[in-house]
Amino acid sequence: MDEWPQILRGSLRNPDEIAKRFGLNADEIRKVARVFKTQITPYYASLIKQKGDPIYRQVVPDPAELRKDGGVSDPLSEDQDSPVPSIVHRYPDRLLFLVSHSCASYCRFCTRKRKVGDPSKIHPRYIEDGLEYIRSHPEVRDVIISGGDPLMLSDARLEYVLSALRSIPHIEILRIGTRVPCFLPQRVTAKLAAMLKKYHPLYVNVHFNHPDEITPEAARALNLLADVGIPLGNQTVLLKGVNDDPMVMKRLLQKLLYVRVRPYYIYQADYVHGTEHLRTTVEKGLEVMDALRGWTSGLAVPHYVIDAPGGGGKIPLIPAYLQSISDEQVVLRNYAGETFVYPQVRGKKKDKKEKQPFITPCYGLTNAPPIP
Ligand SMILES: *Cc1c(COP(=O)(O)O)cnc(C)c1O
Ligand code: SF4
């Protein structure tokens, strides 16, 4: 018998209980919990060392969530790119397939706050429509199974989805996006890993935001997945008071590599309503990136992206290493702030019209943050 269903049942959900445990105003917590689903697994709650720490800030409801802060409910305009309720199809060759409304715990900063935890928005009955959409779109070669959290489905239900997708000839790769290894690592069993192994090439992207989340339990779960040949990636959200410190972020990314997870993205927090207290500046994100490249293993350095409001997709941001570029030379700054010159190919004048669009996005838009 698996132990995880029982652990999950013991989650903190009741606002009064949460208020009592953390010494908060029960009325306020009740109001917040009515607006956005609240749940904290006992395992994740046990990682909280004190009120307001980086683990606490991610999952404990905060009255600040009710402030009118200008944020929007669907910051990435996903609903606009949703041909059927379970699909978000924005890019040419890949799409998101939302198969589960629930999560093991609920992140207060979730982009899909409007949907997660609500079975009327993400429902098993939409899975068939999603499969049908994917079958009838041969340009789709990569399916990102998401939600909610797909690992909240039973092994049998998840296997149904994976095998249905695998039977579609034009689907090359499958990906699962999950925060279960962070919130409820006990859910990752040898049985689950053995089932997933049948559906290769399968990638799993996990979601860790702080070095304290890489516990022996999480390492065990990640190890099981890596051992069945699943390439593991990580997506982190840059959050105020959680990981908006270059040294904290560097430690997180190094610890991830140590448990065989390759950092994939750092997201600038989306413009979601009720999350202003968790957002930080883009300058801070660039400062974090500048403190990573060159200072630690290149494998530990993810892409820093803003998922563009309005549905523009992920846009990478890079500190200003390229200082100037001409037909003769490129002036560069290295990680330690020293300047170097790279000579261009000689005797071949480049077409000015063609050159322009390449240059504009490279520099001039970002200020080089101070070297730490
Ligand atoms: C993030 C995302 C993807 C996947 O993007 P990659 O850069 O390939 O990881 C696909 N569709 C949507 C709607 C997304 O938000
Ligand atoms: S686990 Fe993912 S989908 Fe679930 S609440 Fe957190 S960010 Fe949202």
# chains A, B, ... in the order shown; residues from 1 in each chain; ligands from 1
$ closest_atom_pairs --of "chain A" --to "ligand 1" --cutoff "8 Å" --atoms "only C-alpha atoms and all ligand atoms" --output "tab-separated table"
residue	atom	partner	partner_atom_place_in_ligand_line	distance
A:Leu76	CA	ligand 1	15 (O)	7.9
A:Glu78	CA	ligand 1	13 (C)	6.9
A:Asp81	CA	ligand 1	13 (C)	7.8
A:Val88	CA	ligand 1	13 (C)	5.3
A:His89	CA	ligand 1	13 (C)	5.7
A:Arg90	CA	ligand 1	13 (C)	5.0
A:Tyr91	CA	ligand 1	11 (N)	5.9
A:Arg94	CA	ligand 1	10 (C)	5.7
A:Leu95	CA	ligand 1	11 (N)	4.5
A:Leu96	CA	ligand 1	11 (N)	5.2
A:Ile144	CA	ligand 1	10 (C)	6.8
A:Asp307	CA	ligand 1	15 (O)	7.4
A:Gly313	CA	ligand 1	15 (O)	6.3
A:Lys314	CA	ligand 1	7 (O)	6.6
$ residues_near_ligand --ligand "ligand 2" --cutoff "12 Å" --atoms "only C-alpha atoms and all ligand atoms" --output "tab-separated table (two decimals) with N, CA and C atoms, in the first residue's frame"
chain	number	residue	atom	x	y	z
A	36	PHE	N	-8.64	31.71	-3.27
A	36	PHE	CA	-7.69	30.81	-3.92
A	36	PHE	C	-7.43	29.59	-3.05
A	37	LYS	N	-7.62	28.47	-3.65
A	37	LYS	CA	-7.47	27.18	-2.99
A	37	LYS	C	-6.19	27.10	-2.14
A	38	THR	N	-6.34	26.53	-0.98
A	38	THR	CA	-5.24	26.47	-0.02
A	38	THR	C	-5.04	25.03	0.40
A	39	GLN	N	-3.81	24.59	0.32
A	39	GLN	CA	-3.48	23.23	0.77
A	39	GLN	C	-1.97	23.15	0.92
A	40	ILE	N	-1.52	22.55	2.02
A	40	ILE	CA	-0.07	22.40	2.26
A	40	ILE	C	0.14	20.98	2.77
A	41	THR	N	0.94	20.20	2.07
A	41	THR	CA	1.17	18.82	2.56
A	41	THR	C	1.94	18.90	3.88
A	58	GLN	N	5.69	30.67	0.02
A	58	GLN	CA	5.19	30.06	-1.21
A	58	GLN	C	3.80	29.45	-1.08
A	59	VAL	N	3.42	29.05	0.14
A	59	VAL	CA	2.18	28.27	0.28
A	59	VAL	C	1.18	28.76	1.33
A	60	VAL	N	1.64	29.57	2.29
A	60	VAL	CA	0.70	30.02	3.33
A	60	VAL	C	-0.06	31.25	2.83
A	98	LEU	N	-3.71	20.18	-20.34
A	98	LEU	CA	-4.04	20.28	-18.91
A	98	LEU	C	-4.91	19.08	-18.52
A	99	VAL	N	-4.35	18.20	-17.70
A	99	VAL	CA	-5.05	16.94	-17.44
A	99	VAL	C	-5.50	16.78	-15.99
A	100	SER	N	-5.06	17.68	-15.11
A	100	SER	CA	-5.44	17.53	-13.70
A	100	SER	C	-5.66	18.90	-13.09
A	101	HIS	N	-6.75	19.06	-12.36
A	101	HIS	CA	-7.00	20.38	-11.76
A	101	HIS	C	-6.29	20.53	-10.42
A	102	SER	N	-5.87	19.42	-9.83
A	102	SER	CA	-5.37	19.54	-8.47
A	102	SER	C	-3.85	19.53	-8.40
A	103	CYS	N	-3.35	20.05	-7.28
A	103	CYS	CA	-1.92	20.08	-6.99
A	103	CYS	C	-1.76	19.54	-5.57
A	104	ALA	N	-0.54	19.12	-5.22
A	104	ALA	CA	-0.31	18.57	-3.88
A	104	ALA	C	-0.40	19.68	-2.84
A	105	SER	N	0.13	20.85	-3.20
A	105	SER	CA	-0.02	22.07	-2.40
A	105	SER	C	-0.26	23.18	-3.42
A	106	TYR	N	-0.79	24.31	-2.96
A	106	TYR	CA	-1.07	25.40	-3.91
A	106	TYR	C	-0.14	26.58	-3.69
A	107	CYS	N	0.60	26.90	-4.79
A	107	CYS	CA	1.55	28.01	-4.76
A	107	CYS	C	0.76	29.30	-4.80
A	108	ARG	N	1.08	30.21	-3.89
A	108	ARG	CA	0.30	31.45	-3.82
A	108	ARG	C	0.51	32.31	-5.07
A	109	PHE	N	1.59	32.06	-5.83
A	109	PHE	CA	1.95	32.89	-6.98
A	109	PHE	C	1.54	32.25	-8.30
A	110	CYS	N	0.73	31.18	-8.25
A	110	CYS	CA	0.44	30.40	-9.46
A	110	CYS	C	-0.15	31.24	-10.59
A	111	THR	N	0.40	31.07	-11.79
A	111	THR	CA	-0.10	31.72	-12.99
A	111	THR	C	-1.52	31.28	-13.32
A	112	ARG	N	-1.81	30.02	-13.01
A	112	ARG	CA	-3.13	29.48	-13.32
A	112	ARG	C	-4.03	29.46	-12.08
A	113	LYS	N	-3.83	30.48	-11.22
A	113	LYS	CA	-4.65	30.62	-10.00
A	113	LYS	C	-6.15	30.56	-10.31
A	114	ARG	N	-6.51	31.08	-11.48
A	114	ARG	CA	-7.92	31.14	-11.84
A	114	ARG	C	-8.50	29.77	-12.12
A	115	LYS	N	-7.64	28.78	-12.31
A	115	LYS	CA	-8.10	27.47	-12.77
A	115	LYS	C	-7.78	26.34	-11.80
A	116	VAL	N	-6.57	26.37	-11.20
A	116	VAL	CA	-6.15	25.20	-10.43
A	116	VAL	C	-7.06	25.00	-9.22
A	117	GLY	N	-7.27	23.76	-8.90
A	117	GLY	CA	-8.13	23.42	-7.78
A	117	GLY	C	-9.60	23.53	-8.11
A	118	ASP	N	-9.92	23.87	-9.36
A	118	ASP	CA	-11.33	24.02	-9.74
A	118	ASP	C	-11.69	23.01	-10.83
A	122	ILE	N	-10.72	22.59	-15.14
A	122	ILE	CA	-9.86	21.54	-15.70
A	122	ILE	C	-10.51	20.22	-15.24
A	145	ILE	N	2.47	17.84	-20.69
A	145	ILE	CA	1.35	17.43	-19.86
A	145	ILE	C	1.42	18.21	-18.55
A	146	SER	N	0.35	18.97	-18.28
A	146	SER	CA	0.39	19.92	-17.17
A	146	SER	C	-0.95	19.93	-16.45
A	147	GLY	N	-1.25	21.01	-15.77
A	147	GLY	CA	-2.52	21.09	-15.03
A	147	GLY	C	-2.63	22.46	-14.38
A	148	GLY	N	-2.80	22.50	-13.07
A	148	GLY	CA	-2.66	21.48	-12.07
A	148	GLY	C	-1.40	20.63	-12.20
A	149	ASP	N	-1.43	19.54	-11.50
A	149	ASP	CA	-0.26	18.68	-11.49
A	149	ASP	C	-0.63	17.27	-11.97
A	150	PRO	N	-0.04	16.86	-13.11
A	150	PRO	CA	-0.40	15.55	-13.69
A	150	PRO	C	-0.09	14.38	-12.75
A	151	LEU	N	0.89	14.56	-11.85
A	151	LEU	CA	1.20	13.44	-10.95
A	151	LEU	C	0.20	13.32	-9.81
A	152	MET	N	-0.82	14.18	-9.80
A	152	MET	CA	-1.92	13.98	-8.86
A	152	MET	C	-2.92	12.95	-9.39
A	176	ILE	N	6.29	16.01	-18.89
A	176	ILE	CA	5.39	16.19	-17.75
A	176	ILE	C	5.93	17.35	-16.93
A	177	GLY	N	5.07	18.30	-16.58
A	177	GLY	CA	5.45	19.39	-15.68
A	177	GLY	C	4.82	19.10	-14.33
A	178	THR	N	5.63	19.03	-13.29
A	178	THR	CA	5.08	18.62	-11.99
A	178	THR	C	5.82	19.27	-10.82
A	179	ARG	N	5.08	19.59	-9.77
A	179	ARG	CA	5.73	20.05	-8.54
A	179	ARG	C	5.64	18.98	-7.44
A	180	VAL	N	5.16	17.80	-7.81
A	180	VAL	CA	5.03	16.72	-6.82
A	180	VAL	C	6.36	16.32	-6.17
A	181	PRO	N	7.47	16.21	-6.93
A	181	PRO	CA	8.72	15.84	-6.25
A	181	PRO	C	9.14	16.85	-5.17
A	182	CYS	N	8.62	18.08	-5.27
A	182	CYS	CA	8.92	19.10	-4.26
A	182	CYS	C	7.91	19.06	-3.10
A	183	PHE	N	6.63	18.94	-3.43
A	183	PHE	CA	5.56	19.02	-2.42
A	183	PHE	C	5.23	17.68	-1.76
A	184	LEU	N	5.33	16.61	-2.54
A	184	LEU	CA	4.90	15.29	-2.04
A	184	LEU	C	5.78	14.21	-2.68
A	205	ASN	N	9.81	17.96	-16.18
A	205	ASN	CA	10.26	19.24	-15.62
A	205	ASN	C	9.66	19.41	-14.24
A	206	VAL	N	10.53	19.56	-13.26
A	206	VAL	CA	10.07	19.75	-11.88
A	206	VAL	C	10.13	21.23	-11.54
A	207	HIS	N	9.72	21.57	-10.34
A	207	HIS	CA	9.60	22.97	-9.94
A	207	HIS	C	10.09	23.11	-8.50
A	208	PHE	N	11.34	23.55	-8.35
A	208	PHE	CA	11.91	23.85	-7.04
A	208	PHE	C	12.32	25.31	-7.03
A	209	ASN	N	12.08	25.98	-5.91
A	209	ASN	CA	12.38	27.41	-5.83
A	209	ASN	C	13.40	27.78	-4.78
A	235	GLN	N	12.08	24.20	-13.43
A	235	GLN	CA	11.59	25.54	-13.70
A	235	GLN	C	11.41	26.23	-12.35
A	236	THR	N	12.06	27.38	-12.22
A	236	THR	CA	12.01	28.16	-10.97
A	236	THR	C	11.31	29.46	-11.25
A	237	VAL	N	10.53	29.94	-10.29
A	237	VAL	CA	9.94	31.27	-10.40
A	237	VAL	C	10.72	32.20	-9.48
A	267	TYR	N	11.76	31.89	-14.30
A	267	TYR	CA	10.70	32.76	-14.80
A	267	TYR	C	10.63	34.05	-13.99
A	269	ALA	N	8.28	36.42	-12.35
A	269	ALA	CA	6.93	36.10	-11.89
A	269	ALA	C	5.89	36.78	-12.79
A	270	ASP	N	4.87	36.04	-13.15
A	270	ASP	CA	3.84	36.58	-14.03
A	270	ASP	C	3.01	37.65	-13.30
A	272	VAL	N	0.14	38.22	-12.15
A	272	VAL	CA	-1.11	37.58	-11.70
A	272	VAL	C	-1.69	38.39	-10.54
$ select_by_dssp --residues "region 216-372 of chain A" --states "helix (DSSP H, G or I)" --output "MDAnalysis selection string"
chainID A and resid 216:227 246:258 276:278 282:290 298:300 352:362
$ write_last_selection --atoms "N, CA and C atoms" --output "compact mmCIF listing (two decimals), in the first residue's frame"
# COMPACT_ATOMS: atom_id res chain seq x y z
N PRO A 216 16.43 14.95 1.47
CA PRO A 216 16.69 13.55 1.13
C PRO A 216 15.46 12.89 0.48
N GLU A 217 14.26 13.25 0.91
CA GLU A 217 13.04 12.67 0.30
C GLU A 217 12.92 13.11 -1.16
N ALA A 218 13.14 14.39 -1.42
CA ALA A 218 13.05 14.90 -2.79
C ALA A 218 14.14 14.23 -3.64
N ALA A 219 15.34 14.09 -3.08
CA ALA A 219 16.45 13.48 -3.82
C ALA A 219 16.10 12.03 -4.18
N ARG A 220 15.44 11.34 -3.27
CA ARG A 220 15.05 9.95 -3.53
C ARG A 220 14.08 9.90 -4.72
N ALA A 221 13.09 10.80 -4.71
CA ALA A 221 12.09 10.83 -5.79
C ALA A 221 12.77 11.13 -7.13
N LEU A 222 13.65 12.11 -7.14
CA LEU A 222 14.31 12.52 -8.39
C LEU A 222 15.22 11.40 -8.90
N ASN A 223 15.86 10.73 -7.96
CA ASN A 223 16.74 9.63 -8.30
C ASN A 223 15.98 8.48 -8.99
N LEU A 224 14.79 8.19 -8.47
CA LEU A 224 13.96 7.14 -9.09
C LEU A 224 13.65 7.49 -10.54
N LEU A 225 13.33 8.76 -10.78
CA LEU A 225 12.98 9.18 -12.14
C LEU A 225 14.22 9.17 -13.04
N ALA A 226 15.32 9.68 -12.52
CA ALA A 226 16.55 9.72 -13.33
C ALA A 226 17.01 8.30 -13.66
N ASP A 227 16.83 7.39 -12.71
CA ASP A 227 17.29 6.01 -12.92
C ASP A 227 16.50 5.26 -14.00
N PRO A 246 21.14 36.34 -5.29
CA PRO A 246 22.00 35.53 -6.16
C PRO A 246 22.62 34.32 -5.47
N MET A 247 22.98 34.46 -4.20
CA MET A 247 23.62 33.33 -3.52
C MET A 247 22.64 32.20 -3.24
N VAL A 248 21.39 32.56 -2.91
CA VAL A 248 20.34 31.55 -2.67
C VAL A 248 20.04 30.82 -3.98
N MET A 249 19.90 31.59 -5.06
CA MET A 249 19.58 30.97 -6.36
C MET A 249 20.73 30.06 -6.80
N LYS A 250 21.96 30.51 -6.62
CA LYS A 250 23.10 29.70 -7.05
C LYS A 250 23.13 28.37 -6.28
N ARG A 251 22.87 28.45 -5.00
CA ARG A 251 22.87 27.22 -4.17
C ARG A 251 21.77 26.27 -4.65
N LEU A 252 20.59 26.83 -4.92
CA LEU A 252 19.48 25.99 -5.42
C LEU A 252 19.90 25.26 -6.69
N LEU A 253 20.46 26.00 -7.65
CA LEU A 253 20.78 25.42 -8.95
C LEU A 253 21.91 24.39 -8.83
N GLN A 254 22.86 24.66 -7.94
CA GLN A 254 23.95 23.68 -7.72
C GLN A 254 23.40 22.41 -7.09
N LYS A 255 22.50 22.57 -6.12
CA LYS A 255 21.92 21.39 -5.46
C LYS A 255 21.08 20.58 -6.46
N LEU A 256 20.39 21.28 -7.37
CA LEU A 256 19.61 20.56 -8.39
C LEU A 256 20.53 19.70 -9.25
N LEU A 257 21.64 20.26 -9.69
CA LEU A 257 22.57 19.49 -10.53
C LEU A 257 23.06 18.26 -9.79
N TYR A 258 23.28 18.43 -8.49
CA TYR A 258 23.81 17.34 -7.67
C TYR A 258 22.82 16.17 -7.63
N GLU A 276 1.39 40.58 -6.00
CA GLU A 276 2.34 41.71 -6.04
C GLU A 276 3.40 41.58 -4.94
N HIS A 277 3.02 41.04 -3.79
CA HIS A 277 3.97 40.93 -2.66
C HIS A 277 5.04 39.87 -2.91
N LEU A 278 4.87 39.08 -3.99
CA LEU A 278 5.85 38.04 -4.29
C LEU A 278 6.67 38.35 -5.53
N VAL A 282 12.79 43.14 -12.69
CA VAL A 282 13.56 42.48 -13.75
C VAL A 282 15.05 42.74 -13.55
N GLU A 283 15.41 43.92 -13.01
CA GLU A 283 16.83 44.20 -12.71
C GLU A 283 17.37 43.14 -11.75
N LYS A 284 16.55 42.73 -10.78
CA LYS A 284 16.98 41.71 -9.83
C LYS A 284 17.24 40.39 -10.56
N GLY A 285 16.37 40.05 -11.49
CA GLY A 285 16.57 38.82 -12.26
C GLY A 285 17.87 38.86 -13.06
N LEU A 286 18.16 40.02 -13.67
CA LEU A 286 19.40 40.14 -14.43
C LEU A 286 20.62 40.08 -13.52
N GLU A 287 20.47 40.63 -12.33
CA GLU A 287 21.57 40.57 -11.35
C GLU A 287 21.84 39.11 -10.97
N VAL A 288 20.76 38.35 -10.78
CA VAL A 288 20.90 36.93 -10.44
C VAL A 288 21.62 36.20 -11.59
N MET A 289 21.19 36.44 -12.82
CA MET A 289 21.81 35.76 -13.96
C MET A 289 23.29 36.12 -14.08
N ASP A 290 23.61 37.40 -13.83
CA ASP A 290 24.99 37.85 -13.93
C ASP A 290 25.87 37.18 -12.87
N GLY A 298 28.39 25.92 -15.99
CA GLY A 298 27.45 26.34 -17.03
C GLY A 298 26.19 25.49 -17.03
N LEU A 299 26.31 24.24 -16.64
CA LEU A 299 25.14 23.35 -16.57
C LEU A 299 24.11 23.84 -15.56
N ALA A 300 24.55 24.63 -14.59
CA ALA A 300 23.64 25.13 -13.55
C ALA A 300 22.91 26.39 -13.98
N LYS A 352 23.43 46.12 -44.42
CA LYS A 352 22.96 46.91 -43.26
C LYS A 352 21.52 46.56 -42.87
N LYS A 353 20.70 46.33 -43.90
CA LYS A 353 19.29 46.05 -43.62
C LYS A 353 19.14 44.75 -42.83
N GLU A 354 19.98 43.81 -43.18
CA GLU A 354 19.90 42.50 -42.56
C GLU A 354 20.46 42.52 -41.13
N LYS A 355 21.46 43.41 -40.94
CA LYS A 355 22.16 43.47 -39.67
C LYS A 355 21.26 44.00 -38.54
N GLN A 356 20.47 45.02 -38.89
CA GLN A 356 19.76 45.77 -37.88
C GLN A 356 18.93 44.92 -36.88
N PRO A 357 18.07 44.04 -37.38
CA PRO A 357 17.21 43.34 -36.42
C PRO A 357 17.98 42.46 -35.44
N PHE A 358 19.18 42.05 -35.84
CA PHE A 358 19.97 41.22 -34.94
C PHE A 358 20.53 42.02 -33.79
N ILE A 359 20.86 43.30 -34.11
CA ILE A 359 21.55 44.10 -33.11
C ILE A 359 20.60 44.61 -32.04
N THR A 360 19.47 45.11 -32.48
CA THR A 360 18.60 45.78 -31.54
C THR A 360 18.30 44.97 -30.28
N PRO A 361 17.94 43.69 -30.42
CA PRO A 361 17.58 42.99 -29.18
C PRO A 361 18.78 42.64 -28.31
N CYS A 362 20.01 42.70 -28.88
CA CYS A 362 21.16 42.23 -28.12
C CYS A 362 21.59 43.17 -27.03
$ closest_residue --among "A:Ala33, A:Tyr133, A:Arg141, A:Trp4" --to "Ile18 (chain A)" --atoms "only C-alpha atoms"
A:Ala33
$ select_by_dssp --residues "region 162-345 of chain A" --states "strand (DSSP E)" --output "MDAnalysis selection string"
chainID A and resid 173:178 202:206 232:238 261:268 303:308 313:316 322:325 329:333 339:343
$ write_last_selection --atoms "C-alpha atoms" --output "PDB file, in the first residue's frame"
ATOM      1  CA  ILE A 173       8.296  13.729 -27.306  1.00  0.00           C
ATOM      2  CA  LEU A 174       6.223  13.864 -24.151  1.00  0.00           C
ATOM      3  CA  ARG A 175       6.922  16.127 -21.200  1.00  0.00           C
ATOM      4  CA  ILE A 176       5.389  16.192 -17.750  1.00  0.00           C
ATOM      5  CA  GLY A 177       5.451  19.388 -15.681  1.00  0.00           C
ATOM      6  CA  THR A 178       5.084  18.624 -11.987  1.00  0.00           C
ATOM      7  CA  LEU A 202       9.618  11.304 -21.848  1.00  0.00           C
ATOM      8  CA  TYR A 203      11.004  14.388 -20.109  1.00  0.00           C
ATOM      9  CA  VAL A 204       9.992  15.604 -16.666  1.00  0.00           C
ATOM     10  CA  ASN A 205      10.257  19.238 -15.622  1.00  0.00           C
ATOM     11  CA  VAL A 206      10.070  19.745 -11.882  1.00  0.00           C
ATOM     12  CA  LEU A 232      14.986  16.001 -15.535  1.00  0.00           C
ATOM     13  CA  GLY A 233      14.705  19.779 -15.914  1.00  0.00           C
ATOM     14  CA  ASN A 234      13.708  22.418 -13.404  1.00  0.00           C
ATOM     15  CA  GLN A 235      11.593  25.541 -13.699  1.00  0.00           C
ATOM     16  CA  THR A 236      12.011  28.157 -10.970  1.00  0.00           C
ATOM     17  CA  VAL A 237       9.945  31.271 -10.403  1.00  0.00           C
ATOM     18  CA  LEU A 238      11.881  34.319  -9.224  1.00  0.00           C
ATOM     19  CA  VAL A 261      18.263  17.895 -12.460  1.00  0.00           C
ATOM     20  CA  ARG A 262      19.314  20.342 -15.177  1.00  0.00           C
ATOM     21  CA  PRO A 263      18.025  23.888 -14.483  1.00  0.00           C
ATOM     22  CA  TYR A 264      15.871  24.866 -17.482  1.00  0.00           C
ATOM     23  CA  TYR A 265      14.083  28.167 -16.817  1.00  0.00           C
ATOM     24  CA  ILE A 266      13.989  30.950 -14.258  1.00  0.00           C
ATOM     25  CA  TYR A 267      10.703  32.765 -14.805  1.00  0.00           C
ATOM     26  CA  GLN A 268      10.113  36.370 -13.997  1.00  0.00           C
ATOM     27  CA  HIS A 303      17.453  30.631 -19.259  1.00  0.00           C
ATOM     28  CA  TYR A 304      15.858  33.655 -17.581  1.00  0.00           C
ATOM     29  CA  VAL A 305      12.557  34.426 -19.303  1.00  0.00           C
ATOM     30  CA  ILE A 306       9.541  36.673 -19.101  1.00  0.00           C
ATOM     31  CA  ASP A 307       6.414  34.929 -20.276  1.00  0.00           C
ATOM     32  CA  ALA A 308       5.003  37.917 -22.126  1.00  0.00           C
ATOM     33  CA  GLY A 313       5.344  33.455 -25.167  1.00  0.00           C
ATOM     34  CA  LYS A 314       8.626  33.151 -23.330  1.00  0.00           C
ATOM     35  CA  ILE A 315      11.182  35.866 -24.052  1.00  0.00           C
ATOM     36  CA  PRO A 316      14.778  35.338 -22.866  1.00  0.00           C
ATOM     37  CA  LEU A 322      27.586  42.478 -25.904  1.00  0.00           C
ATOM     38  CA  GLN A 323      28.697  46.091 -25.529  1.00  0.00           C
ATOM     39  CA  SER A 324      29.029  47.120 -29.158  1.00  0.00           C
ATOM     40  CA  ILE A 325      29.148  45.529 -32.580  1.00  0.00           C
ATOM     41  CA  GLN A 329      34.794  44.272 -34.156  1.00  0.00           C
ATOM     42  CA  VAL A 330      32.604  43.078 -31.321  1.00  0.00           C
ATOM     43  CA  VAL A 331      33.217  44.487 -27.856  1.00  0.00           C
ATOM     44  CA  LEU A 332      32.324  42.096 -25.082  1.00  0.00           C
ATOM     45  CA  ARG A 333      32.294  42.090 -21.327  1.00  0.00           C
ATOM     46  CA  THR A 339      36.364  43.932 -21.631  1.00  0.00           C
ATOM     47  CA  PHE A 340      37.455  41.878 -24.659  1.00  0.00           C
ATOM     48  CA  VAL A 341      37.443  42.512 -28.400  1.00  0.00           C
ATOM     49  CA  TYR A 342      36.555  39.915 -31.017  1.00  0.00           C
ATOM     50  CA  PRO A 343      37.621  40.834 -34.603  1.00  0.00           C
TER      51      PRO A 343
END
$ closest_residue --among "A:Ala336, A:Gln6, A:Ile29, A:Leu292" --to "Ile318 (chain A)" --atoms "only C-alpha atoms"
A:Leu292
$ residues_around --residues "Lys51 (chain A)" --least-positions-apart "4" --cutoff "9 Å" --atoms "only C-alpha atoms" --output "PyMOL selection string"
chain A and resi 22-23+56-57
$ residues_around --residues "Ile134 (chain A)" --least-positions-apart "6" --cutoff "10 Å" --atoms "only C-alpha atoms" --output "list in words"
Ile87, His89, Arg94, Leu95, Phe97, Glu128, Val140, Arg141, Asp142, Val143, Leu165, Ile168, His170 and Ile171 of chain A
$ write_last_selection --atoms "N, CA, C and O atoms" --output "PDB file, in the first residue's frame"
ATOM      1  N   ILE A  87      -6.523  22.353 -23.639  1.00  0.00           N
ATOM      2  CA  ILE A  87      -5.356  22.615 -24.494  1.00  0.00           C
ATOM      3  C   ILE A  87      -5.009  24.103 -24.520  1.00  0.00           C
ATOM      4  O   ILE A  87      -5.892  24.946 -24.623  1.00  0.00           O
ATOM      5  N   HIS A  89      -2.597  26.073 -27.043  1.00  0.00           N
ATOM      6  CA  HIS A  89      -1.771  25.882 -28.231  1.00  0.00           C
ATOM      7  C   HIS A  89      -1.295  27.244 -28.725  1.00  0.00           C
ATOM      8  O   HIS A  89      -2.041  27.976 -29.368  1.00  0.00           O
ATOM      9  N   ARG A  94       4.233  22.603 -30.541  1.00  0.00           N
ATOM     10  CA  ARG A  94       4.044  22.006 -29.216  1.00  0.00           C
ATOM     11  C   ARG A  94       2.899  22.706 -28.497  1.00  0.00           C
ATOM     12  O   ARG A  94       2.563  23.849 -28.809  1.00  0.00           O
ATOM     13  N   LEU A  95       2.332  22.013 -27.526  1.00  0.00           N
ATOM     14  CA  LEU A  95       1.217  22.606 -26.794  1.00  0.00           C
ATOM     15  C   LEU A  95       1.171  22.076 -25.366  1.00  0.00           C
ATOM     16  O   LEU A  95       1.839  21.105 -25.012  1.00  0.00           O
ATOM     17  N   PHE A  97      -1.134  20.445 -22.399  1.00  0.00           N
ATOM     18  CA  PHE A  97      -2.313  19.596 -22.246  1.00  0.00           C
ATOM     19  C   PHE A  97      -2.605  19.538 -20.743  1.00  0.00           C
ATOM     20  O   PHE A  97      -1.822  18.969 -19.972  1.00  0.00           O
ATOM     21  N   GLU A 128     -10.584  13.790 -23.294  1.00  0.00           N
ATOM     22  CA  GLU A 128     -10.885  13.198 -24.613  1.00  0.00           C
ATOM     23  C   GLU A 128     -10.840  14.242 -25.725  1.00  0.00           C
ATOM     24  O   GLU A 128     -10.277  13.996 -26.788  1.00  0.00           O
ATOM     25  N   VAL A 140       1.830  19.119 -34.354  1.00  0.00           N
ATOM     26  CA  VAL A 140       2.236  19.032 -32.943  1.00  0.00           C
ATOM     27  C   VAL A 140       3.122  17.811 -32.743  1.00  0.00           C
ATOM     28  O   VAL A 140       2.711  16.689 -33.003  1.00  0.00           O
ATOM     29  N   ARG A 141       4.368  18.056 -32.302  1.00  0.00           N
ATOM     30  CA  ARG A 141       5.290  16.932 -32.098  1.00  0.00           C
ATOM     31  C   ARG A 141       5.735  16.784 -30.643  1.00  0.00           C
ATOM     32  O   ARG A 141       6.456  15.868 -30.283  1.00  0.00           O
ATOM     33  N   ASP A 142       5.290  17.729 -29.789  1.00  0.00           N
ATOM     34  CA  ASP A 142       5.766  17.800 -28.404  1.00  0.00           C
ATOM     35  C   ASP A 142       4.568  18.191 -27.537  1.00  0.00           C
ATOM     36  O   ASP A 142       3.967  19.244 -27.760  1.00  0.00           O
ATOM     37  N   VAL A 143       4.216  17.314 -26.600  1.00  0.00           N
ATOM     38  CA  VAL A 143       3.076  17.609 -25.727  1.00  0.00           C
ATOM     39  C   VAL A 143       3.575  17.773 -24.296  1.00  0.00           C
ATOM     40  O   VAL A 143       4.255  16.898 -23.757  1.00  0.00           O
ATOM     41  N   LEU A 165      -1.446   9.259 -25.920  1.00  0.00           N
ATOM     42  CA  LEU A 165      -0.574  10.189 -26.651  1.00  0.00           C
ATOM     43  C   LEU A 165       0.471   9.434 -27.468  1.00  0.00           C
ATOM     44  O   LEU A 165       0.758   9.776 -28.615  1.00  0.00           O
ATOM     45  N   ILE A 168      -0.280   8.245 -30.954  1.00  0.00           N
ATOM     46  CA  ILE A 168      -0.449   9.232 -32.036  1.00  0.00           C
ATOM     47  C   ILE A 168       0.882   9.337 -32.782  1.00  0.00           C
ATOM     48  O   ILE A 168       1.887   9.737 -32.203  1.00  0.00           O
ATOM     49  N   HIS A 170       2.367  11.306 -34.899  1.00  0.00           N
ATOM     50  CA  HIS A 170       3.174  12.535 -35.039  1.00  0.00           C
ATOM     51  C   HIS A 170       3.717  13.058 -33.715  1.00  0.00           C
ATOM     52  O   HIS A 170       4.455  14.046 -33.702  1.00  0.00           O
ATOM     53  N   ILE A 171       3.382  12.428 -32.608  1.00  0.00           N
ATOM     54  CA  ILE A 171       3.926  12.897 -31.319  1.00  0.00           C
ATOM     55  C   ILE A 171       5.305  12.281 -31.105  1.00  0.00           C
ATOM     56  O   ILE A 171       5.443  11.071 -30.973  1.00  0.00           O
TER      57      ILE A 171
END
